[in-house]
Every structure is written in structure tokens, then in C-alpha cells.
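The data block below is target17.cif; it holds mmCIF, N, CA and C atoms, pLDDT in the B column; chains and numbers go by the auth columns.
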```
data_work
#
loop_
_atom_site.group_PDB
_atom_site.id
_atom_site.type_symbol
_atom_site.label_atom_id
_atom_site.label_comp_id
_atom_site.label_asym_id
_atom_site.label_seq_id
_atom_site.Cartn_x
_atom_site.Cartn_y
_atom_site.Cartn_z
_atom_site.B_iso_or_equiv
_atom_site.auth_seq_id
_atom_site.auth_asym_id
ATOM 1 N N MET A 1 48.906 -5.410 182.914 57.00 1 A
ATOM 2 C CA MET A 1 48.485 -6.156 181.735 57.00 1 A
ATOM 3 C C MET A 1 47.258 -5.481 181.137 57.00 1 A
ATOM 4 N N ARG A 2 47.215 -5.378 179.847 67.00 2 A
ATOM 5 C CA ARG A 2 46.115 -4.720 179.156 67.00 2 A
ATOM 6 C C ARG A 2 45.396 -5.717 178.247 67.00 2 A
ATOM 7 N N VAL A 3 44.085 -5.686 178.287 69.00 3 A
ATOM 8 C CA VAL A 3 43.286 -6.540 177.415 69.00 3 A
ATOM 9 C C VAL A 3 42.823 -5.680 176.246 69.00 3 A
ATOM 10 N N GLU A 4 43.218 -6.032 175.056 73.00 4 A
ATOM 11 C CA GLU A 4 42.964 -5.204 173.875 73.00 4 A
ATOM 12 C C GLU A 4 41.600 -5.445 173.248 73.00 4 A
ATOM 13 N N SER A 5 41.213 -6.667 173.104 77.00 5 A
ATOM 14 C CA SER A 5 39.990 -6.953 172.341 77.00 5 A
ATOM 15 C C SER A 5 38.816 -7.354 173.241 77.00 5 A
ATOM 16 N N TRP A 6 38.809 -6.858 174.426 78.00 6 A
ATOM 17 C CA TRP A 6 37.738 -7.211 175.358 78.00 6 A
ATOM 18 C C TRP A 6 36.497 -6.399 175.045 78.00 6 A
ATOM 19 N N ASP A 7 35.384 -7.068 174.796 79.00 7 A
ATOM 20 C CA ASP A 7 34.115 -6.406 174.472 79.00 7 A
ATOM 21 C C ASP A 7 33.262 -6.379 175.733 79.00 7 A
ATOM 22 N N TRP A 8 33.243 -5.236 176.406 78.00 8 A
ATOM 23 C CA TRP A 8 32.522 -5.139 177.679 78.00 8 A
ATOM 24 C C TRP A 8 31.023 -5.256 177.490 78.00 8 A
ATOM 25 N N LYS A 9 30.499 -4.864 176.334 83.00 9 A
ATOM 26 C CA LYS A 9 29.052 -4.979 176.093 83.00 9 A
ATOM 27 C C LYS A 9 28.636 -6.447 176.012 83.00 9 A
ATOM 28 N N GLU A 10 29.434 -7.248 175.323 80.00 10 A
ATOM 29 C CA GLU A 10 29.137 -8.677 175.218 80.00 10 A
ATOM 30 C C GLU A 10 29.266 -9.354 176.589 80.00 10 A
ATOM 31 N N ALA A 11 30.291 -8.999 177.328 77.00 11 A
ATOM 32 C CA ALA A 11 30.468 -9.566 178.666 77.00 11 A
ATOM 33 C C ALA A 11 29.309 -9.172 179.578 77.00 11 A
ATOM 34 N N ASP A 12 28.864 -7.942 179.439 79.00 12 A
ATOM 35 C CA ASP A 12 27.740 -7.468 180.249 79.00 12 A
ATOM 36 C C ASP A 12 26.475 -8.261 179.948 79.00 12 A
ATOM 37 N N LYS A 13 26.243 -8.591 178.688 78.00 13 A
ATOM 38 C CA LYS A 13 25.071 -9.392 178.312 78.00 13 A
ATOM 39 C C LYS A 13 25.140 -10.782 178.949 78.00 13 A
ATOM 40 N N MET A 14 26.307 -11.408 178.878 75.00 14 A
ATOM 41 C CA MET A 14 26.456 -12.761 179.431 75.00 14 A
ATOM 42 C C MET A 14 26.296 -12.759 180.946 75.00 14 A
ATOM 43 N N VAL A 15 26.922 -11.815 181.616 77.00 15 A
ATOM 44 C CA VAL A 15 26.843 -11.738 183.073 77.00 15 A
ATOM 45 C C VAL A 15 25.426 -11.365 183.496 77.00 15 A
ATOM 46 N N GLY A 16 24.827 -10.420 182.786 74.00 16 A
ATOM 47 C CA GLY A 16 23.478 -9.972 183.128 74.00 16 A
ATOM 48 C C GLY A 16 22.450 -11.068 183.015 74.00 16 A
ATOM 49 N N LYS A 17 22.536 -11.871 181.966 73.00 17 A
ATOM 50 C CA LYS A 17 21.574 -12.958 181.767 73.00 17 A
ATOM 51 C C LYS A 17 21.671 -13.983 182.896 73.00 17 A
ATOM 52 N N GLY A 18 22.878 -14.377 183.251 79.00 18 A
ATOM 53 C CA GLY A 18 23.066 -15.345 184.328 79.00 18 A
ATOM 54 C C GLY A 18 22.683 -14.789 185.683 79.00 18 A
ATOM 55 N N THR A 19 23.005 -13.516 185.893 86.00 19 A
ATOM 56 C CA THR A 19 22.677 -12.875 187.168 86.00 19 A
ATOM 57 C C THR A 19 21.176 -12.781 187.355 86.00 19 A
ATOM 58 N N LEU A 20 20.465 -12.392 186.312 85.00 20 A
ATOM 59 C CA LEU A 20 19.013 -12.262 186.399 85.00 20 A
ATOM 60 C C LEU A 20 18.358 -13.599 186.730 85.00 20 A
ATOM 61 N N GLU A 21 18.852 -14.667 186.126 87.00 21 A
ATOM 62 C CA GLU A 21 18.293 -15.983 186.407 87.00 21 A
ATOM 63 C C GLU A 21 18.533 -16.385 187.860 87.00 21 A
ATOM 64 N N ARG A 22 19.718 -16.099 188.387 91.00 22 A
ATOM 65 C CA ARG A 22 20.001 -16.416 189.794 91.00 22 A
ATOM 66 C C ARG A 22 19.134 -15.585 190.731 91.00 22 A
ATOM 67 N N VAL A 23 18.894 -14.339 190.392 91.00 23 A
ATOM 68 C CA VAL A 23 18.043 -13.476 191.222 91.00 23 A
ATOM 69 C C VAL A 23 16.608 -14.012 191.225 91.00 23 A
ATOM 70 N N ARG A 24 16.123 -14.450 190.063 93.00 24 A
ATOM 71 C CA ARG A 24 14.767 -15.013 189.995 93.00 24 A
ATOM 72 C C ARG A 24 14.637 -16.270 190.856 93.00 24 A
ATOM 73 N N LYS A 25 15.639 -17.134 190.803 94.00 25 A
ATOM 74 C CA LYS A 25 15.606 -18.350 191.625 94.00 25 A
ATOM 75 C C LYS A 25 15.626 -17.997 193.111 94.00 25 A
ATOM 76 N N ALA A 26 16.456 -17.030 193.487 95.00 26 A
ATOM 77 C CA ALA A 26 16.516 -16.613 194.894 95.00 26 A
ATOM 78 C C ALA A 26 15.189 -15.997 195.325 95.00 26 A
ATOM 79 N N ALA A 27 14.572 -15.215 194.451 96.00 27 A
ATOM 80 C CA ALA A 27 13.286 -14.585 194.777 96.00 27 A
ATOM 81 C C ALA A 27 12.201 -15.639 194.995 96.00 27 A
ATOM 82 N N LYS A 28 12.226 -16.713 194.212 96.00 28 A
ATOM 83 C CA LYS A 28 11.248 -17.789 194.403 96.00 28 A
ATOM 84 C C LYS A 28 11.418 -18.440 195.766 96.00 28 A
ATOM 85 N N VAL A 29 12.654 -18.675 196.163 97.00 29 A
ATOM 86 C CA VAL A 29 12.926 -19.280 197.473 97.00 29 A
ATOM 87 C C VAL A 29 12.419 -18.359 198.580 97.00 29 A
ATOM 88 N N ILE A 30 12.698 -17.070 198.459 97.00 30 A
ATOM 89 C CA ILE A 30 12.272 -16.103 199.478 97.00 30 A
ATOM 90 C C ILE A 30 10.755 -16.021 199.534 97.00 30 A
ATOM 91 N N ALA A 31 10.087 -15.964 198.378 96.00 31 A
ATOM 92 C CA ALA A 31 8.623 -15.875 198.354 96.00 31 A
ATOM 93 C C ALA A 31 7.987 -17.133 198.949 96.00 31 A
ATOM 94 N N ASN A 32 8.501 -18.294 198.603 96.00 32 A
ATOM 95 C CA ASN A 32 7.957 -19.536 199.169 96.00 32 A
ATOM 96 C C ASN A 32 8.137 -19.584 200.681 96.00 32 A
ATOM 97 N N ASN A 33 9.293 -19.134 201.154 96.00 33 A
ATOM 98 C CA ASN A 33 9.549 -19.096 202.586 96.00 33 A
ATOM 99 C C ASN A 33 8.602 -18.113 203.278 96.00 33 A
ATOM 100 N N ALA A 34 8.385 -16.966 202.663 96.00 34 A
ATOM 101 C CA ALA A 34 7.472 -15.971 203.245 96.00 34 A
ATOM 102 C C ALA A 34 6.042 -16.504 203.288 96.00 34 A
ATOM 103 N N ARG A 35 5.607 -17.184 202.227 95.00 35 A
ATOM 104 C CA ARG A 35 4.255 -17.754 202.220 95.00 35 A
ATOM 105 C C ARG A 35 4.103 -18.806 203.312 95.00 35 A
ATOM 106 N N ARG A 36 5.145 -19.605 203.494 94.00 36 A
ATOM 107 C CA ARG A 36 5.090 -20.664 204.511 94.00 36 A
ATOM 108 C C ARG A 36 4.987 -20.080 205.916 94.00 36 A
ATOM 109 N N ARG A 37 5.679 -18.963 206.157 94.00 37 A
ATOM 110 C CA ARG A 37 5.707 -18.356 207.495 94.00 37 A
ATOM 111 C C ARG A 37 4.579 -17.355 207.737 94.00 37 A
ATOM 112 N N CYS A 38 3.858 -17.010 206.693 91.00 38 A
ATOM 113 C CA CYS A 38 2.830 -15.977 206.785 91.00 38 A
ATOM 114 C C CYS A 38 1.662 -16.437 207.667 91.00 38 A
ATOM 115 N N PRO A 39 1.244 -15.591 208.613 88.00 39 A
ATOM 116 C CA PRO A 39 0.098 -15.960 209.433 88.00 39 A
ATOM 117 C C PRO A 39 -1.186 -15.905 208.607 88.00 39 A
ATOM 118 N N VAL A 40 -2.035 -16.893 208.799 87.00 40 A
ATOM 119 C CA VAL A 40 -3.318 -16.921 208.099 87.00 40 A
ATOM 120 C C VAL A 40 -4.402 -17.007 209.156 87.00 40 A
ATOM 121 N N GLY A 41 -5.204 -15.979 209.220 84.00 41 A
ATOM 122 C CA GLY A 41 -6.291 -15.967 210.184 84.00 41 A
ATOM 123 C C GLY A 41 -7.429 -16.858 209.737 84.00 41 A
ATOM 124 N N THR A 42 -8.386 -17.024 210.608 87.00 42 A
ATOM 125 C CA THR A 42 -9.553 -17.847 210.277 87.00 42 A
ATOM 126 C C THR A 42 -10.809 -17.001 210.152 87.00 42 A
ATOM 127 N N MET A 43 -10.692 -15.726 210.483 87.00 43 A
ATOM 128 C CA MET A 43 -11.870 -14.862 210.447 87.00 43 A
ATOM 129 C C MET A 43 -11.686 -13.754 209.416 87.00 43 A
ATOM 130 N N SER A 44 -12.760 -13.412 208.768 90.00 44 A
ATOM 131 C CA SER A 44 -12.783 -12.279 207.851 90.00 44 A
ATOM 132 C C SER A 44 -13.787 -11.276 208.401 90.00 44 A
ATOM 133 N N ARG A 45 -13.634 -10.022 207.986 91.00 45 A
ATOM 134 C CA ARG A 45 -14.620 -9.031 208.419 91.00 45 A
ATOM 135 C C ARG A 45 -14.825 -8.036 207.284 91.00 45 A
ATOM 136 N N PRO A 46 -16.033 -7.466 207.227 93.00 46 A
ATOM 137 C CA PRO A 46 -16.309 -6.492 206.166 93.00 46 A
ATOM 138 C C PRO A 46 -15.629 -5.157 206.463 93.00 46 A
ATOM 139 N N MET A 47 -15.678 -4.251 205.496 93.00 47 A
ATOM 140 C CA MET A 47 -15.080 -2.937 205.714 93.00 47 A
ATOM 141 C C MET A 47 -15.861 -2.180 206.788 93.00 47 A
ATOM 142 N N TYR A 48 -15.196 -1.215 207.397 93.00 48 A
ATOM 143 C CA TYR A 48 -15.816 -0.415 208.451 93.00 48 A
ATOM 144 C C TYR A 48 -17.052 0.302 207.908 93.00 48 A
ATOM 145 N N ARG A 49 -18.137 0.286 208.702 94.00 49 A
ATOM 146 C CA ARG A 49 -19.354 0.981 208.311 94.00 49 A
ATOM 147 C C ARG A 49 -19.525 2.293 209.051 94.00 49 A
ATOM 148 N N SER A 50 -18.720 2.499 210.068 94.00 50 A
ATOM 149 C CA SER A 50 -18.811 3.754 210.816 94.00 50 A
ATOM 150 C C SER A 50 -17.409 4.162 211.242 94.00 50 A
ATOM 151 N N GLY A 51 -17.281 5.376 211.669 94.00 51 A
ATOM 152 C CA GLY A 51 -15.989 5.861 212.113 94.00 51 A
ATOM 153 C C GLY A 51 -15.278 6.652 211.024 94.00 51 A
ATOM 154 N N HIS A 52 -14.085 7.045 211.329 95.00 52 A
ATOM 155 C CA HIS A 52 -13.304 7.918 210.453 95.00 52 A
ATOM 156 C C HIS A 52 -12.997 7.264 209.099 95.00 52 A
ATOM 157 N N TYR A 53 -12.790 5.950 209.089 95.00 53 A
ATOM 158 C CA TYR A 53 -12.415 5.256 207.856 95.00 53 A
ATOM 159 C C TYR A 53 -13.573 4.453 207.261 95.00 53 A
ATOM 160 N N ALA A 54 -14.801 4.826 207.563 95.00 54 A
ATOM 161 C CA ALA A 54 -15.978 4.108 207.070 95.00 54 A
ATOM 162 C C ALA A 54 -15.977 4.083 205.546 95.00 54 A
ATOM 163 N N GLY A 55 -16.290 2.912 205.003 93.00 55 A
ATOM 164 C CA GLY A 55 -16.393 2.762 203.556 93.00 55 A
ATOM 165 C C GLY A 55 -15.071 2.576 202.828 93.00 55 A
ATOM 166 N N GLN A 56 -13.963 2.604 203.543 93.00 56 A
ATOM 167 C CA GLN A 56 -12.662 2.412 202.907 93.00 56 A
ATOM 168 C C GLN A 56 -12.430 0.914 202.688 93.00 56 A
ATOM 169 N N ASP A 57 -12.174 0.548 201.438 90.00 57 A
ATOM 170 C CA ASP A 57 -12.023 -0.857 201.077 90.00 57 A
ATOM 171 C C ASP A 57 -10.882 -1.535 201.840 90.00 57 A
ATOM 172 N N TRP A 58 -9.827 -0.810 202.146 89.00 58 A
ATOM 173 C CA TRP A 58 -8.667 -1.412 202.809 89.00 58 A
ATOM 174 C C TRP A 58 -8.928 -1.790 204.255 89.00 58 A
ATOM 175 N N THR A 59 -10.077 -1.399 204.826 91.00 59 A
ATOM 176 C CA THR A 59 -10.370 -1.749 206.213 91.00 59 A
ATOM 177 C C THR A 59 -10.940 -3.160 206.362 91.00 59 A
ATOM 178 N N LYS A 60 -11.358 -3.773 205.254 90.00 60 A
ATOM 179 C CA LYS A 60 -11.880 -5.145 205.365 90.00 60 A
ATOM 180 C C LYS A 60 -10.731 -6.119 205.488 90.00 60 A
ATOM 181 N N ARG A 61 -10.996 -7.269 206.044 88.00 61 A
ATOM 182 C CA ARG A 61 -9.983 -8.300 206.228 88.00 61 A
ATOM 183 C C ARG A 61 -10.501 -9.625 205.689 88.00 61 A
ATOM 184 N N ASP A 62 -9.695 -10.255 204.856 88.00 62 A
ATOM 185 C CA ASP A 62 -10.010 -11.579 204.326 88.00 62 A
ATOM 186 C C ASP A 62 -8.931 -12.548 204.795 88.00 62 A
ATOM 187 N N ALA A 63 -9.361 -13.653 205.352 89.00 63 A
ATOM 188 C CA ALA A 63 -8.398 -14.654 205.820 89.00 63 A
ATOM 189 C C ALA A 63 -7.557 -15.128 204.638 89.00 63 A
ATOM 190 N N GLY A 64 -6.244 -15.070 204.775 89.00 64 A
ATOM 191 C CA GLY A 64 -5.340 -15.535 203.739 89.00 64 A
ATOM 192 C C GLY A 64 -4.981 -14.515 202.678 89.00 64 A
ATOM 193 N N ALA A 65 -5.472 -13.277 202.805 89.00 65 A
ATOM 194 C CA ALA A 65 -5.207 -12.255 201.783 89.00 65 A
ATOM 195 C C ALA A 65 -3.723 -11.926 201.689 89.00 65 A
ATOM 196 N N LEU A 66 -3.051 -11.821 202.812 89.00 66 A
ATOM 197 C CA LEU A 66 -1.616 -11.497 202.798 89.00 66 A
ATOM 198 C C LEU A 66 -0.831 -12.581 202.079 89.00 66 A
ATOM 199 N N LYS A 67 -1.146 -13.817 202.379 91.00 67 A
ATOM 200 C CA LYS A 67 -0.426 -14.942 201.769 91.00 67 A
ATOM 201 C C LYS A 67 -0.630 -14.967 200.257 91.00 67 A
ATOM 202 N N ARG A 68 -1.822 -14.639 199.796 90.00 68 A
ATOM 203 C CA ARG A 68 -2.105 -14.651 198.359 90.00 68 A
ATOM 204 C C ARG A 68 -1.384 -13.525 197.618 90.00 68 A
ATOM 205 N N THR A 69 -1.002 -12.455 198.300 91.00 69 A
ATOM 206 C CA THR A 69 -0.382 -11.337 197.605 91.00 69 A
ATOM 207 C C THR A 69 1.148 -11.448 197.518 91.00 69 A
ATOM 208 N N ILE A 70 1.732 -12.422 198.159 93.00 70 A
ATOM 209 C CA ILE A 70 3.198 -12.580 198.092 93.00 70 A
ATOM 210 C C ILE A 70 3.546 -13.174 196.740 93.00 70 A
ATOM 211 N N ARG A 71 4.432 -12.467 196.022 89.00 71 A
ATOM 212 C CA ARG A 71 4.863 -12.968 194.703 89.00 71 A
ATOM 213 C C ARG A 71 6.303 -12.631 194.454 89.00 71 A
#
```

Is it possible to express this structure as C-alpha cells?
Amino acid sequence: MRVESWDWKEADKMVGKGTLERVRKAAKVIANNARRRCPVGTMSRPMYRSGHYAGQDWTKRDAGALKRTIR
């Protein structure tokens, strides 16, 4: 069977719009679940002042930083 007047561009727009919305909803569920399960420490520490990685901003730790970055 052959479809003569099928517009694949229009179908792609309709499918794409619905698919994107479903992906966004699924991503929200996953992000909320990850935030809920994420460990949150109670202690923070400043960046290293000595050693090989002294002064590197990524060496500091803030309680709850991981949870705040999940999006």
C-alpha cells in the first residue's frame, strides 16, 4: 500500500512536539528522584591551602552543593 499525500515534515513536527514534552516530564521525574536520593553532608570545608591542588576552587566542599546542581 502506498500513501500518496503523506507530508512527513508535518508529521515530524507533530511527533517531535509531543515527544519533547514527554521527555521533559520524564526528566523532571528523574531529577526529583535524584535530588531525593542525593546525599547531603552536614560539614563544609574551604579549598585546599597546601598540597598539589592548593588554591583550586573545586577542592572546597559545601553541604548540599550536589543536590543544588541537579536540574

Suppose a student applies the PyMOL selection byres ((chain A and resi 57-66) around 5) to this structure; what residues should they get, written as an NGL selection string?
:A and (40-41 or 43-48 or 55-56 or 67-70)

Just to be explicit: take each residue in the selection above, keep N, CA and C atoms, and write the result as a tab-separated table (two decimals), in the frame of the given file.
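The file below, part_14.tsv, is the result:
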```tsv
chain	number	residue	atom	x	y	z
A	40	VAL	N	-2.04	-16.89	208.80
A	40	VAL	CA	-3.32	-16.92	208.10
A	40	VAL	C	-4.40	-17.01	209.16
A	41	GLY	N	-5.20	-15.98	209.22
A	41	GLY	CA	-6.29	-15.97	210.18
A	41	GLY	C	-7.43	-16.86	209.74
A	43	MET	N	-10.69	-15.73	210.48
A	43	MET	CA	-11.87	-14.86	210.45
A	43	MET	C	-11.69	-13.75	209.42
A	44	SER	N	-12.76	-13.41	208.77
A	44	SER	CA	-12.78	-12.28	207.85
A	44	SER	C	-13.79	-11.28	208.40
A	45	ARG	N	-13.63	-10.02	207.99
A	45	ARG	CA	-14.62	-9.03	208.42
A	45	ARG	C	-14.82	-8.04	207.28
A	46	PRO	N	-16.03	-7.47	207.23
A	46	PRO	CA	-16.31	-6.49	206.17
A	46	PRO	C	-15.63	-5.16	206.46
A	47	MET	N	-15.68	-4.25	205.50
A	47	MET	CA	-15.08	-2.94	205.71
A	47	MET	C	-15.86	-2.18	206.79
A	48	TYR	N	-15.20	-1.22	207.40
A	48	TYR	CA	-15.82	-0.42	208.45
A	48	TYR	C	-17.05	0.30	207.91
A	55	GLY	N	-16.29	2.91	205.00
A	55	GLY	CA	-16.39	2.76	203.56
A	55	GLY	C	-15.07	2.58	202.83
A	56	GLN	N	-13.96	2.60	203.54
A	56	GLN	CA	-12.66	2.41	202.91
A	56	GLN	C	-12.43	0.91	202.69
A	67	LYS	N	-1.15	-13.82	202.38
A	67	LYS	CA	-0.43	-14.94	201.77
A	67	LYS	C	-0.63	-14.97	200.26
A	68	ARG	N	-1.82	-14.64	199.80
A	68	ARG	CA	-2.10	-14.65	198.36
A	68	ARG	C	-1.38	-13.52	197.62
A	69	THR	N	-1.00	-12.46	198.30
A	69	THR	CA	-0.38	-11.34	197.60
A	69	THR	C	1.15	-11.45	197.52
A	70	ILE	N	1.73	-12.42	198.16
A	70	ILE	CA	3.20	-12.58	198.09
A	70	ILE	C	3.55	-13.17	196.74
```

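Between atom C of Arg71 of chain A and atom CA of Arg22 of chain A the interatomic distance comes to 15.0 Å.
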
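Here atom CA of Asp7 of chain A and atom CA of Ala26 of chain A stand 28.8 Å from one another.
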
Using backbone DSSP assignments, extract all helix (DSSP H, G or I) residues from chain A; output them as a PyMOL selection string.
chain A and resi 8-37+57-59+65-69

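Between atom N of Arg35 of chain A and atom CA of Leu20 of chain A the separation is 21.3 Å.
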
All file atoms of segment 33-48 of chain A boxed axis-aligned, 6 Å per side, centre plus edges, as JSON:
```
{"center_x": -3.8, "center_y": -10.2, "center_z": 205.9, "size_x": 38.6, "size_y": 33.0, "size_z": 21.5}
```
